[in-house]
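The structure appears below as structure tokens.
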Amino acid sequence: AQTVTQSQPEMSVQEAETVTLSCTYDTSESDYYLFWYKQPPSRQMILVIRQEAYKQQNATENRFSVNFQKAAKSFSLKISDSQLGDAAMYFCAYRSGPFSGGKLTFGQGTILTVHP
Amino acid sequence: ETGVTQSPTHLIKTRGQQVTLRCSSQSGHNTVSWYQQALGQGPQFIFQYYREEENGRGNFPPRFSGLQFPNYSSELNVNALELDDSALYLCASSHLAGAAGELFFGEGSRLT
């Protein structure tokens, strides 16, 4: 079974600064997908960024980028120019292959606080 | 394009009772997944439904059951409620196939 570990229960950052959230995972599969989801106090999970394991290039979405190290099974999220609206719980998630639909394995989450 | 909606948003039950939670999928999606999220924890996969049949199940007992309807809406039923069932229940819709298909989550039902 796959596992996802987020070793940072809480992180904080000053507005406009950069912060990196860590995630490691364990799998024996070669075809999989990794995600970072954001869950604000409103509770609705929002996709931040995704990475296909077969792609060597790290995904980027505006201020959000990942550092995907497949051999090390590491998938960190970097948030640049942090904004107050980035404050939320962040979850790293794993999905097997292209036919798993909505079956994700989530990490325990990291609470991100952004200070003005 | 409509989003994923869940009802009720909050509910309180007594140990031993039964509960039904409802979810309306994102338009065009054929798969519905349910997750249990305990306070301060990551969501745990309960099961998913595709074409009205269960298509994958997590480590949850049979008293957690579900349905998917022809319009792709879904229900989660929990029988014989236990105290540990107190959690936020999230519904997500997606396509079964497709590369890295995005999940669209509802805002959840908070069960106490």
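Naming works like this for the structure tokens: A, B, ... for the chains as they're shown, residue 1 at the start of each chain, ligands 1 onward in shown order.
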
Give me the residues within 8 Å of segment 10-19 of chain A as a ChimeraX atom specification, counting only C-alpha atoms and dropping any in the same chain fewer than 4 places off. /A:78-84,110-116

As a PyMOL selection string, could you give me every residue of chain B near chain A (at most 10 Å apart, counting only C-alpha atoms)? chain B and resi 4+30-35+40-50+55-58+88+90-110

Taking only C-alpha atoms into account, which of B:Leu11, B:Arg22, B:Phe69, B:Gln36 comes nearest Tyr89 of chain B?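 Answer, going by the shortest atom-to-atom distance: B:Gln36.
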
Nearest to Thr112 of chain B: which of B:Ala87, B:Leu81, B:Leu21, B:Leu67 is it, counting only C-alpha atoms?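 Ranking B:Ala87, B:Leu81, B:Leu21, B:Leu67 by distance to Thr112 of chain B, first place goes to B:Ala87.
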
Report, in Å with one decimal, the straight-line distance from atom CA of Gln17 of chain B to atom CA of Asn79 of chain B.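 Value for the atom CA of Gln17 of chain B-atom CA of Asn79 of chain B distance: 6.5 Å.
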
Interatomic distance (Å, one decimal) between atom CA of Ser74 of chain B and atom CA of Glu53 of chain B: 10.8 Å

So how far away is atom CA of Thr9 of chain B from atom CA of Leu111 of chain B, in Å?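 That distance, rounded to one decimal, is 8.5 Å.
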
Check the smallest atom-to-atom distance from each of B:Gly3, B:Gly16, B:Pro8, B:Pro70 to Glu82 of chain B using only C-alpha atoms, then report the winner.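 So, comparing all the options, the nearest one is B:Gly16.
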
Would you give me, as a PyMOL selection string, the residues in segment 20-87 of chain B that DSSP reads as strand (DSSP E or B)? chain B and resi 20-24+31-37+44-50+53-57+64-68+74-78+87

Do you know which residues are at most 6 Å from Thr5 of chain A counting only C-alpha atoms, after dropping those on the same chain fewer than 4 positions away, and could you put them as a PyMOL selection string? chain A and resi 23-25+107

Smallest atom-to-atom distance to Asn77 of chain B: which of B:Asn59, B:Thr5, B:Thr20, B:Ser25, using only C-alpha atoms?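 That would be B:Thr20, the residue with the smallest distance to Asn77 of chain B.
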